[in-house]
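Colleague: Got a structure for you, coords_11.txt, holding compact mmCIF, C-alpha atoms and all ligand atoms.
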# COMPACT_ATOMS: atom_id res chain seq x y z
CA MET A 1 -17.63 -3.25 1.44
CA ASN A 2 -16.15 0.14 2.15
CA LYS A 3 -13.97 1.16 -0.76
CA GLU A 4 -11.08 2.05 1.46
CA ASN A 5 -11.06 -1.35 3.16
CA ARG A 6 -8.84 -3.69 1.28
CA PRO A 7 -10.46 -7.07 0.66
CA VAL A 8 -8.81 -10.05 2.29
CA ARG A 9 -6.87 -11.84 -0.41
CA ILE A 10 -7.09 -15.60 -0.57
CA LEU A 11 -5.29 -18.17 -2.69
CA LEU A 12 -7.50 -21.06 -3.76
CA ALA A 13 -5.66 -24.13 -5.06
CA GLU A 14 -8.18 -26.61 -6.46
CA ASP A 15 -7.99 -28.61 -9.68
CA ASP A 16 -11.65 -29.59 -9.83
CA ALA A 17 -13.19 -27.02 -12.19
CA LEU A 18 -16.74 -27.18 -10.85
CA LEU A 19 -15.75 -27.15 -7.22
CA GLY A 20 -13.13 -24.45 -7.72
CA ASP A 21 -15.56 -22.26 -9.59
CA GLY A 22 -18.17 -22.66 -6.84
CA ILE A 23 -15.74 -21.89 -4.05
CA ARG A 24 -14.32 -18.88 -5.86
CA ALA A 25 -17.77 -17.47 -6.56
CA GLY A 26 -18.85 -18.01 -2.95
CA LEU A 27 -15.77 -16.40 -1.49
CA LYS A 28 -16.01 -13.44 -3.86
CA LEU A 29 -19.60 -12.91 -2.83
CA ALA A 30 -18.43 -12.94 0.77
CA GLY A 31 -16.11 -10.05 -0.11
CA TYR A 32 -12.80 -11.84 -0.52
CA ALA A 33 -10.39 -11.25 -3.38
CA VAL A 34 -9.66 -14.74 -4.71
CA ASP A 35 -6.83 -15.98 -6.89
CA TRP A 36 -7.57 -19.45 -8.19
CA VAL A 37 -4.81 -21.83 -9.31
CA ARG A 38 -5.31 -25.42 -10.46
CA ASP A 39 -2.06 -27.21 -9.80
CA GLY A 40 0.58 -27.42 -7.10
CA ASP A 41 3.33 -25.70 -9.03
CA ALA A 42 1.12 -22.70 -9.73
CA ALA A 43 0.14 -22.62 -6.05
CA ARG A 44 3.77 -22.62 -4.99
CA LEU A 45 4.62 -19.79 -7.39
CA ALA A 46 1.62 -17.72 -6.36
CA LEU A 47 2.55 -18.05 -2.70
CA LEU A 48 6.11 -16.98 -3.49
CA ASP A 49 4.97 -14.00 -5.46
CA HIS A 50 2.03 -12.54 -3.55
CA ALA A 51 0.99 -11.73 -0.02
CA TYR A 52 -2.14 -13.72 0.81
CA GLN A 53 -4.05 -13.59 4.05
CA ALA A 54 -5.10 -17.24 3.77
CA CYS A 55 -4.86 -20.26 1.50
CA VAL A 56 -7.50 -22.87 0.73
CA LEU A 57 -5.50 -25.86 -0.43
CA ASP A 58 -6.68 -29.06 -2.06
CA LEU A 59 -4.38 -31.97 -1.21
CA GLY A 60 -4.81 -33.91 -4.44
CA LEU A 61 -3.34 -31.47 -6.98
CA PRO A 62 -1.63 -32.13 -10.32
CA LYS A 63 2.12 -31.50 -10.69
CA ARG A 64 2.74 -31.00 -6.99
CA ASP A 65 0.82 -32.47 -4.10
CA GLY A 66 -0.88 -30.07 -1.70
CA LEU A 67 1.15 -31.42 1.21
CA SER A 68 4.35 -30.57 -0.66
CA VAL A 69 3.08 -27.03 -1.31
CA LEU A 70 2.29 -26.69 2.38
CA ARG A 71 5.64 -28.02 3.62
CA ASP A 72 7.44 -25.74 1.20
CA LEU A 73 5.46 -22.74 2.44
CA ARG A 74 6.18 -23.47 6.09
CA ALA A 75 9.84 -24.19 5.36
CA ARG A 76 10.08 -20.62 4.07
CA GLY A 77 8.59 -19.37 7.31
CA GLN A 78 5.37 -18.07 5.76
CA GLN A 79 2.71 -18.09 8.42
CA LEU A 80 -0.51 -17.42 6.58
CA PRO A 81 -3.42 -19.64 7.68
CA VAL A 82 -3.91 -22.70 5.49
CA LEU A 83 -7.15 -24.62 5.28
CA ILE A 84 -6.85 -28.01 3.61
CA LEU A 85 -9.57 -29.44 1.43
CA THR A 86 -9.35 -33.15 1.03
CA ALA A 87 -11.31 -36.05 -0.30
CA ARG A 88 -9.06 -38.19 1.81
CA ASP A 89 -10.99 -38.73 4.97
CA THR A 90 -8.76 -41.12 6.81
CA SER A 91 -7.39 -39.75 10.04
CA ALA A 92 -3.83 -40.47 8.84
CA ASP A 93 -4.26 -37.93 6.03
CA LYS A 94 -5.65 -35.34 8.39
CA ILE A 95 -2.77 -35.88 10.80
CA ALA A 96 -0.24 -35.56 7.96
CA GLY A 97 -1.89 -32.31 6.89
CA LEU A 98 -1.95 -30.80 10.35
CA ASP A 99 1.60 -31.98 11.06
CA SER A 100 2.75 -30.33 7.85
CA GLY A 101 1.49 -26.98 9.05
CA ALA A 102 -2.18 -26.79 8.11
CA ASP A 103 -4.37 -24.79 10.46
CA ASP A 104 -7.63 -26.54 9.68
CA TYR A 105 -9.13 -28.97 7.21
CA LEU A 106 -12.43 -29.81 5.59
CA THR A 107 -13.32 -33.15 4.08
CA LYS A 108 -15.14 -33.14 0.76
CA PRO A 109 -18.03 -32.84 0.27
CA PHE A 110 -18.55 -29.83 2.49
CA ASP A 111 -20.92 -26.88 2.70
CA LEU A 112 -19.68 -23.52 1.46
CA PRO A 113 -21.00 -21.71 4.55
CA GLU A 114 -18.88 -23.99 6.72
CA LEU A 115 -15.80 -23.24 4.62
CA GLN A 116 -16.50 -19.52 4.97
CA ALA A 117 -17.00 -19.76 8.72
CA ARG A 118 -13.76 -21.68 9.18
CA LEU A 119 -11.89 -19.18 7.02
CA ARG A 120 -13.27 -16.28 9.02
CA ALA A 121 -12.09 -17.91 12.22
CA LEU A 122 -8.62 -18.61 10.82
CA ILE A 123 -8.17 -15.10 9.50
CA ARG A 124 -9.45 -13.58 12.73
CA ARG A 125 -6.97 -15.61 14.75
CA ALA A 126 -4.12 -14.81 12.38
CA GLY A 127 -4.99 -11.12 12.72
CA GLY A 128 -3.97 -11.39 16.35
CA VAL A 129 -0.43 -12.13 15.25
CA ALA A 130 1.42 -8.91 14.70
CA ALA A 131 2.76 -8.75 11.16
CA PRO A 132 6.12 -7.01 11.01
CA ALA A 133 6.14 -3.49 9.65
CA LEU A 134 7.82 -2.96 6.28
CA THR A 135 10.31 -0.13 6.16
CA HIS A 136 12.51 1.48 3.53
CA ALA A 137 14.28 4.83 3.36
CA GLY A 138 12.22 6.50 6.07
CA VAL A 139 8.91 5.05 4.91
CA ARG A 140 7.13 2.61 7.19
CA LEU A 141 4.09 0.50 6.31
CA ASP A 142 2.28 -1.35 9.08
CA PRO A 143 0.27 -4.20 7.49
CA ALA A 144 -1.85 -4.67 10.63
CA SER A 145 -3.01 -1.08 11.14
CA LYS A 146 -2.69 -0.22 7.41
CA ARG A 147 -0.85 2.97 8.40
CA VAL A 148 1.93 4.43 6.37
CA THR A 149 4.35 7.04 7.66
CA ARG A 150 7.19 8.99 6.07
CA ASP A 151 9.82 10.19 8.53
CA GLY A 152 7.26 9.56 11.25
CA GLN A 153 4.54 11.64 9.60
CA PRO A 154 1.32 9.91 8.51
CA VAL A 155 0.85 9.58 4.75
CA ALA A 156 -2.66 9.13 3.35
CA LEU A 157 -2.76 6.55 0.56
CA SER A 158 -5.62 5.18 -1.46
CA ALA A 159 -6.20 1.45 -1.10
CA ARG A 160 -4.59 0.79 -4.49
CA GLU A 161 -1.56 2.91 -3.69
CA PHE A 162 -1.26 0.99 -0.44
CA THR A 163 -1.42 -2.31 -2.33
CA LEU A 164 1.31 -1.28 -4.76
CA LEU A 165 3.52 0.13 -2.02
CA ARG A 166 3.20 -3.05 0.02
CA ASP A 167 4.09 -5.10 -3.05
CA LEU A 168 7.21 -3.01 -3.69
CA LEU A 169 8.26 -3.04 -0.03
CA ASN A 170 7.82 -6.81 0.11
CA HIS A 171 10.40 -7.13 -2.66
CA GLY A 172 13.01 -4.68 -1.40
CA THR A 173 15.11 -3.31 -4.21
CA HIS A 174 14.22 -6.18 -6.57
CA ILE A 175 12.56 -5.08 -9.79
CA ARG A 176 8.83 -5.63 -10.14
CA SER A 177 7.49 -5.69 -13.67
CA ARG A 178 4.42 -3.69 -14.55
CA ARG A 179 2.58 -6.96 -15.11
CA GLN A 180 3.41 -8.16 -11.59
CA LEU A 181 2.23 -4.88 -10.13
CA GLU A 182 -0.93 -5.01 -12.23
CA GLU A 183 -1.63 -8.45 -10.80
CA SER A 184 -1.62 -6.96 -7.33
CA LEU A 185 -4.34 -4.60 -8.51
CA TYR A 186 -6.29 -7.32 -10.33
CA ALA A 187 -7.05 -8.78 -6.93
CA TRP A 188 -9.53 -5.93 -6.74
CA GLY A 189 -11.44 -7.39 -9.64
CA GLU A 190 -10.90 -4.18 -11.55
CA GLU A 191 -9.63 -4.00 -15.07
CA ALA A 192 -6.39 -2.15 -14.83
CA GLY A 193 -6.12 0.36 -17.63
CA SER A 194 -2.95 0.51 -19.67
CA ASN A 195 -1.50 3.28 -17.53
CA THR A 196 -3.04 2.39 -14.16
CA VAL A 197 0.26 1.37 -12.59
CA GLU A 198 1.99 4.50 -13.88
CA VAL A 199 -0.70 6.70 -12.37
CA HIS A 200 -0.41 5.09 -8.95
CA ILE A 201 3.40 5.14 -9.06
CA HIS A 202 3.23 8.84 -9.94
CA ASN A 203 1.01 9.46 -6.92
CA LEU A 204 3.23 7.39 -4.63
CA ARG A 205 6.26 9.42 -5.71
CA ARG A 206 4.37 12.63 -5.05
CA LYS A 207 3.59 11.45 -1.52
CA LEU A 208 6.80 9.58 -0.66
CA GLY A 209 9.44 11.45 -2.60
CA ALA A 210 10.50 11.38 -6.25
CA ASP A 211 13.43 9.03 -5.58
CA PHE A 212 11.52 6.55 -3.49
CA ILE A 213 10.52 4.45 -6.51
CA ARG A 214 12.84 4.10 -9.48
CA THR A 215 11.81 3.31 -13.03
CA ILE A 216 14.02 0.65 -14.60
CA ARG A 217 13.57 1.21 -18.31
CA GLY A 218 11.93 -1.70 -20.09
CA LEU A 219 11.81 -3.82 -16.93
CA GLY A 220 9.59 -2.17 -14.36
CA TYR A 221 10.01 -0.52 -11.00
CA ARG A 222 11.95 -0.96 -7.82
CA LEU A 223 12.48 0.92 -4.62
CA GLY A 224 15.21 3.55 -4.68
CA ASP A 225 18.41 2.89 -2.81
CA PRO A 226 18.06 3.24 0.95
CA ASP A 227 19.38 6.42 2.54
CA CA A 301 -8.06 -32.49 -6.37
I need this file expressed as structure tokens, please.

Modeller:
Amino acid sequence: MNKENRPVRILLAEDDALLGDGIRAGLKLAGYAVDWVRDGDAARLALLDHAYQACVLDLGLPKRDGLSVLRDLRARGQQLPVLILTARDTSADKIAGLDSGADDYLTKPFDLPELQARLRALIRRAGGVAAPALTHAGVRLDPASKRVTRDGQPVALSAREFTLLRDLLNHGTHIRSRRQLEESLYAWGEEAGSNTVEVHIHNLRRKLGADFIRTIRGLGYRLGDPD
């Protein structure tokens, strides 16, 4: 994969350790960045906290059922494609899943190549839906074209700078801790060094203006106040 192309980030919610490990390994090999959670509460939190391009969701999850995670997600208006994995192969379960906002489903056991093919199709279709641009204080980030402009002028960002900027823009002027920002970078599978976030924030300020990102001592970072 080209270094400048950001990997598609997928949330995998599966409590079966063997199956989850196999799916994660397969999807990583296929070039996806995969976050794996093992219960419904963790899935819900991850979906609240991160921008994923797709979710592979087991229905039978501890703590919170997959259907509940899905309904919650759709109730918030999040439109990412969701592929349900289920051992429940009655048509009533499939109907409930699709009616709750799933885009596709696979019944266990399934072949990994089929899962990958279905995911590719879902993500391709979702790519046709224009994601709204994120804007703040003269800076505009277009998630679809991956272009960033400042006062209408193109700004060249590295993929990691882009990831951090998108994370900050997604949270407005709410504070993001360094740990939360590091997690955005972990999706790259890289070990973030102790000052990785600081380095990227420094570069973003250089490119977008010193006041664009504020340091909140002891807490993290947030966007500066809008003009
Ligand atoms: Ca399960």

Colleague: Write out as a short mmCIF file (atom, residue, chain, number, x, y, z; two decimals) with C-alpha atoms, in the coordinates of the input each polymer residue (protein, DNA or RNA) that has an atom no more than 9 Å from ligand CA 301 (chain A), with all atoms listed in the file counted.

Modeller:
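For reference, out-v6.cif as written:
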data_model
loop_
_atom_site.label_atom_id
_atom_site.label_comp_id
_atom_site.auth_asym_id
_atom_site.auth_seq_id
_atom_site.Cartn_x
_atom_site.Cartn_y
_atom_site.Cartn_z
CA ALA A 13 -5.66 -24.13 -5.06
CA GLU A 14 -8.18 -26.61 -6.46
CA ASP A 15 -7.99 -28.61 -9.68
CA ASP A 16 -11.65 -29.59 -9.83
CA ARG A 38 -5.31 -25.42 -10.46
CA ASP A 39 -2.06 -27.21 -9.80
CA ASP A 58 -6.68 -29.06 -2.06
CA LEU A 59 -4.38 -31.97 -1.21
CA GLY A 60 -4.81 -33.91 -4.44
CA LEU A 61 -3.34 -31.47 -6.98
CA PRO A 62 -1.63 -32.13 -10.32
CA GLY A 66 -0.88 -30.07 -1.70
CA LEU A 85 -9.57 -29.44 1.43
CA THR A 86 -9.35 -33.15 1.03
CA ALA A 87 -11.31 -36.05 -0.30
#

Colleague: Near Thr163 (chain A), within 12 Å and counting only C-alpha atoms, which residues show up once chain neighbours fewer than 2 positions away are dropped, as a short mmCIF file (atom, residue, chain, number, x, y, z; two decimals) with C-alpha atoms, in the frame of the given file?

Modeller:
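Done, and the output landed in part03.cif:
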data_model
loop_
_atom_site.label_atom_id
_atom_site.label_comp_id
_atom_site.auth_asym_id
_atom_site.auth_seq_id
_atom_site.Cartn_x
_atom_site.Cartn_y
_atom_site.Cartn_z
CA GLU A 4 -11.08 2.05 1.46
CA ASN A 5 -11.06 -1.35 3.16
CA ARG A 6 -8.84 -3.69 1.28
CA PRO A 7 -10.46 -7.07 0.66
CA VAL A 8 -8.81 -10.05 2.29
CA ARG A 9 -6.87 -11.84 -0.41
CA HIS A 50 2.03 -12.54 -3.55
CA ALA A 51 0.99 -11.73 -0.02
CA TYR A 52 -2.14 -13.72 0.81
CA LEU A 141 4.09 0.50 6.31
CA PRO A 143 0.27 -4.20 7.49
CA LYS A 146 -2.69 -0.22 7.41
CA ARG A 147 -0.85 2.97 8.40
CA VAL A 148 1.93 4.43 6.37
CA LEU A 157 -2.76 6.55 0.56
CA SER A 158 -5.62 5.18 -1.46
CA ALA A 159 -6.20 1.45 -1.10
CA ARG A 160 -4.59 0.79 -4.49
CA GLU A 161 -1.56 2.91 -3.69
CA LEU A 165 3.52 0.13 -2.02
CA ARG A 166 3.20 -3.05 0.02
CA ASP A 167 4.09 -5.10 -3.05
CA LEU A 168 7.21 -3.01 -3.69
CA LEU A 169 8.26 -3.04 -0.03
CA ASN A 170 7.82 -6.81 0.11
CA GLN A 180 3.41 -8.16 -11.59
CA LEU A 181 2.23 -4.88 -10.13
CA GLU A 182 -0.93 -5.01 -12.23
CA GLU A 183 -1.63 -8.45 -10.80
CA SER A 184 -1.62 -6.96 -7.33
CA LEU A 185 -4.34 -4.60 -8.51
CA TYR A 186 -6.29 -7.32 -10.33
CA ALA A 187 -7.05 -8.78 -6.93
CA TRP A 188 -9.53 -5.93 -6.74
CA VAL A 197 0.26 1.37 -12.59
CA HIS A 200 -0.41 5.09 -8.95
CA ILE A 201 3.40 5.14 -9.06
CA LEU A 204 3.23 7.39 -4.63
#

Colleague: For a quick check of understanding, using all atoms listed in the file, which of A:Val199, A:Ala133, A:Ala102, A:Ile213 has the smallest distance to Arg74 (chain A)?

Modeller: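 Of all the options, A:Ala102 lies closest to Arg74 (chain A).
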
Colleague: Tell me which residues come within 8 Å of (-6.5, -20.7, 6.2), as a PyMOL selection string, counting all atoms listed in the file in the file's coordinates.

Modeller: chain A and resi 53-56+80-84+102-104+118-119+122-123

Colleague: Have a look at CA of Leu47 (chain A) and CA of Gln78 (chain A) and let me know their distance in Å, one decimal.

Modeller: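 So the answer is 8.9 Å.
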
Colleague: When you draw a straight line from CA of Val34 (chain A) to CA of Asp21 (chain A), how long is it in Å?

Modeller: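 These two atoms are separated by 10.7 Å.
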
Colleague: Could you tell me which of A:Arg125, A:Lys108, A:Lys63, A:Arg71 comes closest to Leu19 (chain A) if we count all atoms listed in the file?

Modeller: A:Lys108

Colleague: List the neighbours of region 88-96 of chain A out to 8 Å using all atoms listed in the file; skip same-chain residues closer than 4 positions along the sequence, and give me the result as a ChimeraX atom specification.

Modeller: /A:100,105,107-108

Colleague: Separation of CA of Arg176 (chain A) and CA of Arg217 (chain A), in Å?

Modeller: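 Atom-to-atom, CA of Arg176 (chain A) to CA of Arg217 (chain A), that is 11.7 Å.
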
Colleague: Using all atoms of region 19-37 of chain A listed in the file and a margin of 5 Å per side, can you give the axis-aligned box centre and edge lengths in Å to one decimal, as JSON?

Modeller:
{"center_x": -12.2, "center_y": -18.6, "center_z": -4.4, "size_x": 24.8, "size_y": 27.1, "size_z": 20.4}

Colleague: Between A:Ile10, A:Ile175, A:Leu27, A:Val37, which has the minimum distance to Arg214 (chain A) (counting only C-alpha atoms)?

Modeller: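 Of the candidates, the smallest distance to Arg214 (chain A) is held by A:Ile175.
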
Colleague: Select, from A:Leu134, A:Leu98, A:Leu208, A:Leu106, the residue with the minimum atom-to-atom distance to Asp151 (chain A), counting only C-alpha atoms.

Modeller: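 The closest residue to Asp151 (chain A) is A:Leu208.
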
Colleague: Measuring between all atoms listed in the file, which one of A:Arg150, A:Lys28, A:Arg64, A:Arg140 shows the shortest distance to Leu45 (chain A)?

Modeller: A:Arg64

Colleague: At a cut-off of 8 Å, using all atoms listed in the file, what residues contact Val69 (chain A)? Leave out same-chain residues fewer than 6 positions from it and give the result as a PyMOL selection string.

Modeller: chain A and resi 40-41+43-44

Colleague: Store the residues picked out above, limited to C-alpha atoms, as a PDB file, keeping the file's coordinate frame.

Modeller:
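Heads up, here's the output in result.pdb:
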ATOM      1  CA  GLY A  40       0.580 -27.420  -7.100  1.00  0.00           C
ATOM      2  CA  ASP A  41       3.330 -25.700  -9.030  1.00  0.00           C
ATOM      3  CA  ALA A  43       0.140 -22.620  -6.050  1.00  0.00           C
ATOM      4  CA  ARG A  44       3.770 -22.620  -4.990  1.00  0.00           C
TER       5      ARG A  44
END

Colleague: Considering all atoms listed in the file, can you say which of A:Gly218, A:Gly209, A:Ala25, A:Pro113 comes closest to Arg179 (chain A)?

Modeller: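 So, comparing all the options, the nearest one is A:Gly218.
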